[in-house]
Amino acid sequence: MKTQVVIVGGGPSGLLLSQLLHRKGIDSVVLERKTRDYVLGRIRAGILEVGFVNLMREAGVAGRMDKECFVHDGTVISYGDQQFRVDFEDLTGSHVVVYGQTEVTRDLYDAREAMGGKIVFNVDHVEIHDADTDTPYVTYDMGGTEHRIDCDFVAGCDGFHGVSRQTIPLAVRREYEKLYPFGWLGVLSETPPVHDELIYASSERGFALCSMRNANLSRYYIQCSLSDDPEDWTDKAFWEELKRRIPAEAAERLVTGPSIEKSIAPLRSFVTEPMRWGRLFLCGDAAHIVPPTGAKGLNTAASDIHYLYHGLLQFYETGETEGIDRYSEKALARIWKAERFSWWMTNLLHRFPDQSDFDLKMQRADIEFLRENREAQSVMAQNYVGLPF
């Protein structure tokens, strides 16, 4: 088989790149090691920057999102029983959109299938060959048979544990990582959200987040120990602990119910450099991970796709290579800013096991400064709604 771009990974970033390229007449094949149902079963966040929303529109897959999404013009930050709102629209003239990543992925799968996009599921032993030459190719096994795809470029959209990053020699890549000493216990419940915007809560007992997927599907998180297991937490224990961490008036109106999904996610900051080696380009979690505090995970992947899509488009339309040559530089410049913002929000709102009384006073002062200072809120709002591509 031969194609122009092989995309390793059938998650939202790989599908979005494939859809954008297809609409410009650029052929691609998506390789996914799991099934479509498995990919759609992953529970992920759903806060989308305007830049991501615009990419979905450019890809022709925004119809359902535009009808069903929630537009959030701000967010609430609480500490103890005190709270304040950061008004994104007032401070930046922009907003974010709430639309679940599962729904984004479903819309992209539906679009690729409707347009005859080439997606190969259940692939094993994917290997990327000769990426540092002008003639890369990818091999994979399916049903006990090895297959080969010759291509012009390879886009590695296969996540942190995928093969793409590992293909870049250790002598070439450098990795930066910070592991946080806690995780997030997340619960999904068929209950109305406690607030029409997100509540980020800092308390003496640890961080909490009140979020939503739709009018009757809520997502809640509490900071927990990395040694915890989801089975350690009954629904009753979770709801009681959440109520202790959010403002009393929010706790009083919180509607609880059985959890339909419960999981613990560790928090990590990670970046690998460079994001390009020859004709192999890393995108999304294959190259970087952010703590979920700043709602940047899927959005940083989208910015990678923006830069790579336009670089490939320039190459195929004009023969110029400036876009692909500068892909890593452009992507990393924005990624490190997103990493900084997510790191800052994580440090602002969580309890760390080694914090001294002085550290806690500084944390409280930082939150109160944010509450009282419009310029500080403006900086937060600019980062939260998304820096320009």
# chains A, B, ... in the order shown; residues from 1 in each chain; ligands from 1
call {"tool": "residues_around", "arguments": {"residues": "region 53-66 of chain A", "least_positions_apart": "6", "cutoff": "7 Å", "atoms": "only C-alpha atoms", "output": "list in words"}}
result
Gln19, Leu20, Tyr99, Asp107, Leu108 and Ala111 of chain A
call {"tool": "write_last_selection", "arguments": {"atoms": "C-alpha atoms", "output": "mmCIF file, in the first residue's frame"}}
result
data_model
loop_
_atom_site.group_PDB
_atom_site.id
_atom_site.type_symbol
_atom_site.label_atom_id
_atom_site.label_comp_id
_atom_site.auth_asym_id
_atom_site.auth_seq_id
_atom_site.Cartn_x
_atom_site.Cartn_y
_atom_site.Cartn_z
ATOM 1 C CA GLN A 19 -9.985 14.798 8.040
ATOM 2 C CA LEU A 20 -8.279 18.149 7.410
ATOM 3 C CA TYR A 99 -18.146 19.287 24.550
ATOM 4 C CA ASP A 107 -17.988 13.041 15.163
ATOM 5 C CA LEU A 108 -14.569 12.580 13.566
ATOM 6 C CA ALA A 111 -16.971 12.009 9.151
#
call {"tool": "select_by_dssp", "arguments": {"residues": "region 93-323 of chain A", "states": "helix (DSSP H, G or I)", "output": "mmCIF file with C-alpha atoms, in the first residue's frame"}}
result
data_model
loop_
_atom_site.group_PDB
_atom_site.id
_atom_site.type_symbol
_atom_site.label_atom_id
_atom_site.label_comp_id
_atom_site.auth_asym_id
_atom_site.auth_seq_id
_atom_site.Cartn_x
_atom_site.Cartn_y
_atom_site.Cartn_z
ATOM 1 C CA GLN A 101 -13.781 14.411 23.920
ATOM 2 C CA THR A 102 -15.736 11.202 23.325
ATOM 3 C CA GLU A 103 -18.237 13.185 21.264
ATOM 4 C CA VAL A 104 -15.432 14.924 19.354
ATOM 5 C CA THR A 105 -13.962 11.537 18.510
ATOM 6 C CA ARG A 106 -17.345 10.097 17.495
ATOM 7 C CA ASP A 107 -17.988 13.041 15.163
ATOM 8 C CA LEU A 108 -14.569 12.580 13.566
ATOM 9 C CA TYR A 109 -15.045 8.823 13.086
ATOM 10 C CA ASP A 110 -18.444 9.408 11.507
ATOM 11 C CA ALA A 111 -16.971 12.009 9.151
ATOM 12 C CA ARG A 112 -14.028 9.830 8.135
ATOM 13 C CA GLU A 113 -16.331 6.895 7.413
ATOM 14 C CA ALA A 114 -18.754 9.079 5.433
ATOM 15 C CA VAL A 163 5.850 3.664 19.150
ATOM 16 C CA SER A 164 6.323 7.063 17.509
ATOM 17 C CA ARG A 165 8.348 8.831 20.188
ATOM 18 C CA GLN A 166 10.426 5.697 20.785
ATOM 19 C CA THR A 167 11.356 5.720 17.093
ATOM 20 C CA PRO A 230 -11.064 3.645 42.828
ATOM 21 C CA GLU A 231 -12.567 0.680 44.669
ATOM 22 C CA ASP A 232 -11.407 2.263 47.934
ATOM 23 C CA ASP A 235 -20.008 6.696 45.982
ATOM 24 C CA LYS A 236 -21.126 7.930 49.400
ATOM 25 C CA ALA A 237 -17.550 8.576 50.523
ATOM 26 C CA PHE A 238 -16.781 10.449 47.308
ATOM 27 C CA TRP A 239 -19.804 12.751 47.537
ATOM 28 C CA GLU A 240 -19.168 13.487 51.196
ATOM 29 C CA GLU A 241 -15.549 14.383 50.522
ATOM 30 C CA LEU A 242 -16.461 16.547 47.531
ATOM 31 C CA LYS A 243 -18.950 18.492 49.660
ATOM 32 C CA ARG A 244 -16.219 19.187 52.232
ATOM 33 C CA ARG A 245 -14.005 20.784 49.569
ATOM 34 C CA ALA A 248 -21.095 25.388 51.416
ATOM 35 C CA GLU A 249 -23.733 26.902 49.139
ATOM 36 C CA ALA A 250 -22.569 24.659 46.282
ATOM 37 C CA ALA A 251 -22.488 21.612 48.568
ATOM 38 C CA GLU A 252 -26.078 22.280 49.614
ATOM 39 C CA ARG A 253 -27.425 22.226 46.058
ATOM 40 C CA GLY A 284 -0.317 15.364 21.215
ATOM 41 C CA ASP A 285 0.467 12.960 24.050
ATOM 42 C CA ALA A 286 3.193 11.327 21.976
ATOM 43 C CA PRO A 292 -5.509 18.373 33.628
ATOM 44 C CA THR A 293 -5.816 21.425 35.907
ATOM 45 C CA GLY A 294 -5.536 23.905 33.046
ATOM 46 C CA GLY A 297 -4.510 18.202 27.067
ATOM 47 C CA LEU A 298 -6.650 17.929 23.943
ATOM 48 C CA ASN A 299 -6.086 21.585 23.121
ATOM 49 C CA THR A 300 -2.306 21.260 22.972
ATOM 50 C CA ALA A 301 -2.781 18.331 20.588
ATOM 51 C CA ALA A 302 -4.978 20.556 18.439
ATOM 52 C CA SER A 303 -2.299 23.219 18.179
ATOM 53 C CA ASP A 304 0.172 20.559 17.015
ATOM 54 C CA ILE A 305 -2.309 19.471 14.362
ATOM 55 C CA HIS A 306 -2.736 23.095 13.260
ATOM 56 C CA TYR A 307 1.000 23.543 12.682
ATOM 57 C CA LEU A 308 1.507 20.154 11.022
ATOM 58 C CA TYR A 309 -1.571 20.425 8.806
ATOM 59 C CA HIS A 310 -0.531 23.823 7.486
ATOM 60 C CA GLY A 311 3.060 22.669 7.011
ATOM 61 C CA LEU A 312 1.970 19.627 4.994
ATOM 62 C CA LEU A 313 -0.528 21.688 3.029
ATOM 63 C CA GLN A 314 2.204 24.167 2.095
ATOM 64 C CA PHE A 315 4.476 21.311 1.011
ATOM 65 C CA TYR A 316 1.894 19.613 -1.202
ATOM 66 C CA GLU A 317 0.565 22.834 -2.714
ATOM 67 C CA THR A 318 3.829 24.720 -3.304
ATOM 68 C CA GLU A 322 9.272 26.078 5.690
ATOM 69 C CA GLY A 323 6.162 24.877 7.543
#
call {"tool": "closest_residue", "arguments": {"among": "A:Ser202, A:Thr92, A:Ser189, A:Ser78", "to": "Leu349 (chain A)", "atoms": "only C-alpha atoms"}}
result
A:Ser202
call {"tool": "select_by_dssp", "arguments": {"residues": "region 216-252 of chain A", "states": "strand (DSSP E or B)", "output": "list of chain:residue names"}}
result
A:Leu217, A:Ser218, A:Arg219, A:Tyr220, A:Tyr221, A:Ile222, A:Gln223, A:Cys224
call {"tool": "write_last_selection", "arguments": {"atoms": "C-alpha atoms", "output": "tab-separated table (two decimals), in the first residue's frame"}}
result
chain	number	residue	atom	x	y	z
A	217	LEU	CA	-24.17	14.38	32.97
A	218	SER	CA	-21.68	15.72	35.50
A	219	ARG	CA	-17.98	15.07	36.01
A	220	TYR	CA	-16.44	15.68	39.43
A	221	TYR	CA	-12.88	15.28	40.67
A	222	ILE	CA	-11.09	15.30	44.00
A	223	GLN	CA	-7.37	15.25	44.68
A	224	CYS	CA	-6.36	11.87	46.11
call {"tool": "residues_around", "arguments": {"residues": "Val255 (chain A)", "least_positions_apart": "3", "cutoff": "7 Å", "atoms": "only C-alpha atoms", "output": "list in words"}}
result
Thr191, Pro192 and Val194 of chain A
call {"tool": "write_last_selection", "arguments": {"atoms": "C-alpha atoms", "output": "mmCIF file, in the first residue's frame"}}
result
data_model
loop_
_atom_site.group_PDB
_atom_site.id
_atom_site.type_symbol
_atom_site.label_atom_id
_atom_site.label_comp_id
_atom_site.auth_asym_id
_atom_site.auth_seq_id
_atom_site.Cartn_x
_atom_site.Cartn_y
_atom_site.Cartn_z
ATOM 1 C CA THR A 191 -26.896 14.217 37.566
ATOM 2 C CA PRO A 192 -27.346 17.907 36.719
ATOM 3 C CA VAL A 194 -23.909 21.864 40.472
#
call {"tool": "closest_residue", "arguments": {"among": "A:Gly159, A:Gly143, A:Gly386, A:Gly278", "to": "Lys296 (chain A)", "atoms": "only C-alpha atoms"}}
result
A:Gly386
call {"tool": "closest_residue", "arguments": {"among": "A:Leu185, A:Ala155, A:Met275, A:Ala295", "to": "Trp233 (chain A)", "atoms": "only C-alpha atoms"}}
result
A:Leu185
call {"tool": "closest_atom_pairs", "arguments": {"of": "region 329-357 of chain A", "to": "region 171-180 of chain A", "cutoff": "12 Å", "atoms": "only C-alpha atoms", "output": "JSON lines"}}
result
{"residue": "A:Trp336", "atom": "CA", "partner": "A:Tyr176", "partner_atom": "CA", "distance": 10.8}
{"residue": "A:Glu339", "atom": "CA", "partner": "A:Lys178", "partner_atom": "CA", "distance": 10.6}
{"residue": "A:Arg340", "atom": "CA", "partner": "A:Lys178", "partner_atom": "CA", "distance": 11.7}
{"residue": "A:Ser342", "atom": "CA", "partner": "A:Lys178", "partner_atom": "CA", "distance": 11.9}
{"residue": "A:Trp343", "atom": "CA", "partner": "A:Lys178", "partner_atom": "CA", "distance": 9.4}
{"residue": "A:Thr346", "atom": "CA", "partner": "A:Tyr180", "partner_atom": "CA", "distance": 9.2}
{"residue": "A:Asn347", "atom": "CA", "partner": "A:Tyr180", "partner_atom": "CA", "distance": 9.8}
{"residue": "A:His350", "atom": "CA", "partner": "A:Tyr180", "partner_atom": "CA", "distance": 10.2}
{"residue": "A:Arg351", "atom": "CA", "partner": "A:Tyr180", "partner_atom": "CA", "distance": 10.7}
{"residue": "A:Phe352", "atom": "CA", "partner": "A:Tyr180", "partner_atom": "CA", "distance": 8.6}
{"residue": "A:Pro353", "atom": "CA", "partner": "A:Tyr180", "partner_atom": "CA", "distance": 10.3}
{"residue": "A:Asp354", "atom": "CA", "partner": "A:Tyr180", "partner_atom": "CA", "distance": 11.7}
call {"tool": "write_last_selection", "arguments": {"atoms": "C-alpha atoms", "output": "compact mmCIF listing (two decimals), in the first residue's frame"}}
result
# COMPACT_ATOMS: atom_id res chain seq x y z
CA TRP A 336 5.89 25.20 26.89
CA GLU A 339 2.92 23.53 30.35
CA ARG A 340 3.69 26.63 32.41
CA SER A 342 -1.00 23.99 33.79
CA TRP A 343 1.91 23.79 36.26
CA THR A 346 -1.76 22.89 39.72
CA ASN A 347 0.52 24.60 42.23
CA HIS A 350 -3.57 21.66 45.23
CA ARG A 351 -2.22 20.59 48.59
CA PHE A 352 1.30 19.16 48.43
CA PRO A 353 2.52 16.74 51.11
CA ASP A 354 5.67 18.73 51.87
call {"tool": "closest_residue", "arguments": {"among": "A:Arg42, A:Arg276, A:Cys157, A:Phe70", "to": "Ser263 (chain A)", "atoms": "only C-alpha atoms"}}
result
A:Arg42
call {"tool": "residues_around", "arguments": {"residues": "Val120 (chain A)", "least_positions_apart": "5", "cutoff": "10 Å", "atoms": "only C-alpha atoms", "output": "PyMOL selection string"}}
result
chain A and resi 8-10+29-36+142
call {"tool": "decode", "arguments": {"residues": "region 21-44 of chain A", "atoms": "N, CA and C atoms", "output": "PDB file, in the first residue's frame"}}
result
ATOM      1  N   LEU A  21      -6.635  16.921   6.112  1.00  0.00           N
ATOM      2  CA  LEU A  21      -5.857  16.616   4.910  1.00  0.00           C
ATOM      3  C   LEU A  21      -6.765  16.121   3.786  1.00  0.00           C
ATOM      4  N   HIS A  22      -7.727  15.266   4.131  1.00  0.00           N
ATOM      5  CA  HIS A  22      -8.640  14.707   3.132  1.00  0.00           C
ATOM      6  C   HIS A  22      -9.371  15.821   2.387  1.00  0.00           C
ATOM      7  N   ARG A  23      -9.815  16.831   3.109  1.00  0.00           N
ATOM      8  CA  ARG A  23     -10.573  17.915   2.480  1.00  0.00           C
ATOM      9  C   ARG A  23      -9.712  18.769   1.545  1.00  0.00           C
ATOM     10  N   LYS A  24      -8.400  18.598   1.640  1.00  0.00           N
ATOM     11  CA  LYS A  24      -7.493  19.289   0.721  1.00  0.00           C
ATOM     12  C   LYS A  24      -6.905  18.341  -0.317  1.00  0.00           C
ATOM     13  N   GLY A  25      -7.462  17.141  -0.406  1.00  0.00           N
ATOM     14  CA  GLY A  25      -7.014  16.197  -1.424  1.00  0.00           C
ATOM     15  C   GLY A  25      -5.720  15.482  -1.095  1.00  0.00           C
ATOM     16  N   ILE A  26      -5.329  15.473   0.184  1.00  0.00           N
ATOM     17  CA  ILE A  26      -4.096  14.801   0.602  1.00  0.00           C
ATOM     18  C   ILE A  26      -4.469  13.465   1.238  1.00  0.00           C
ATOM     19  N   ASP A  27      -3.941  12.390   0.714  1.00  0.00           N
ATOM     20  CA  ASP A  27      -4.322  11.036   1.113  1.00  0.00           C
ATOM     21  C   ASP A  27      -3.611  10.628   2.405  1.00  0.00           C
ATOM     22  N   SER A  28      -4.337   9.938   3.278  1.00  0.00           N
ATOM     23  CA  SER A  28      -3.731   9.446   4.518  1.00  0.00           C
ATOM     24  C   SER A  28      -4.350   8.112   4.892  1.00  0.00           C
ATOM     25  N   VAL A  29      -3.626   7.375   5.718  1.00  0.00           N
ATOM     26  CA  VAL A  29      -4.118   6.139   6.319  1.00  0.00           C
ATOM     27  C   VAL A  29      -3.904   6.248   7.828  1.00  0.00           C
ATOM     28  N   VAL A  30      -4.937   5.955   8.599  1.00  0.00           N
ATOM     29  CA  VAL A  30      -4.861   5.988  10.060  1.00  0.00           C
ATOM     30  C   VAL A  30      -4.733   4.559  10.573  1.00  0.00           C
ATOM     31  N   LEU A  31      -3.747   4.326  11.429  1.00  0.00           N
ATOM     32  CA  LEU A  31      -3.543   3.018  12.045  1.00  0.00           C
ATOM     33  C   LEU A  31      -3.892   3.105  13.525  1.00  0.00           C
ATOM     34  N   GLU A  32      -4.786   2.233  13.996  1.00  0.00           N
ATOM     35  CA  GLU A  32      -5.222   2.239  15.393  1.00  0.00           C
ATOM     36  C   GLU A  32      -5.131   0.818  15.946  1.00  0.00           C
ATOM     37  N   ARG A  33      -4.472   0.675  17.092  1.00  0.00           N
ATOM     38  CA  ARG A  33      -4.247  -0.668  17.636  1.00  0.00           C
ATOM     39  C   ARG A  33      -5.473  -1.239  18.337  1.00  0.00           C
ATOM     40  N   LYS A  34      -6.450  -0.385  18.668  1.00  0.00           N
ATOM     41  CA  LYS A  34      -7.666  -0.851  19.321  1.00  0.00           C
ATOM     42  C   LYS A  34      -8.837  -0.774  18.355  1.00  0.00           C
ATOM     43  N   THR A  35     -10.050  -1.071  18.858  1.00  0.00           N
ATOM     44  CA  THR A  35     -11.254  -0.952  18.051  1.00  0.00           C
ATOM     45  C   THR A  35     -11.847   0.437  18.202  1.00  0.00           C
ATOM     46  N   ARG A  36     -12.758   0.784  17.310  1.00  0.00           N
ATOM     47  CA  ARG A  36     -13.461   2.059  17.420  1.00  0.00           C
ATOM     48  C   ARG A  36     -14.198   2.152  18.753  1.00  0.00           C
ATOM     49  N   ASP A  37     -14.892   1.092  19.157  1.00  0.00           N
ATOM     50  CA  ASP A  37     -15.641   1.115  20.410  1.00  0.00           C
ATOM     51  C   ASP A  37     -14.728   1.338  21.604  1.00  0.00           C
ATOM     52  N   TYR A  38     -13.546   0.747  21.568  1.00  0.00           N
ATOM     53  CA  TYR A  38     -12.596   0.935  22.674  1.00  0.00           C
ATOM     54  C   TYR A  38     -12.174   2.398  22.756  1.00  0.00           C
ATOM     55  N   VAL A  39     -11.839   2.990  21.624  1.00  0.00           N
ATOM     56  CA  VAL A  39     -11.410   4.394  21.618  1.00  0.00           C
ATOM     57  C   VAL A  39     -12.531   5.284  22.139  1.00  0.00           C
ATOM     58  N   LEU A  40     -13.761   5.011  21.718  1.00  0.00           N
ATOM     59  CA  LEU A  40     -14.895   5.821  22.153  1.00  0.00           C
ATOM     60  C   LEU A  40     -15.258   5.572  23.611  1.00  0.00           C
ATOM     61  N   GLY A  41     -14.733   4.515  24.192  1.00  0.00           N
ATOM     62  CA  GLY A  41     -15.000   4.238  25.597  1.00  0.00           C
ATOM     63  C   GLY A  41     -14.085   4.979  26.544  1.00  0.00           C
ATOM     64  N   ARG A  42     -13.074   5.649  26.019  1.00  0.00           N
ATOM     65  CA  ARG A  42     -12.172   6.402  26.882  1.00  0.00           C
ATOM     66  C   ARG A  42     -12.874   7.661  27.399  1.00  0.00           C
ATOM     67  N   ILE A  43     -12.822   7.885  28.709  1.00  0.00           N
ATOM     68  CA  ILE A  43     -13.431   9.070  29.309  1.00  0.00           C
ATOM     69  C   ILE A  43     -12.366  10.146  29.438  1.00  0.00           C
ATOM     70  N   ARG A  44     -12.571  11.241  28.752  1.00  0.00           N
ATOM     71  CA  ARG A  44     -11.600  12.327  28.783  1.00  0.00           C
ATOM     72  C   ARG A  44     -12.326  13.653  28.979  1.00  0.00           C
TER      73      ARG A  44
END
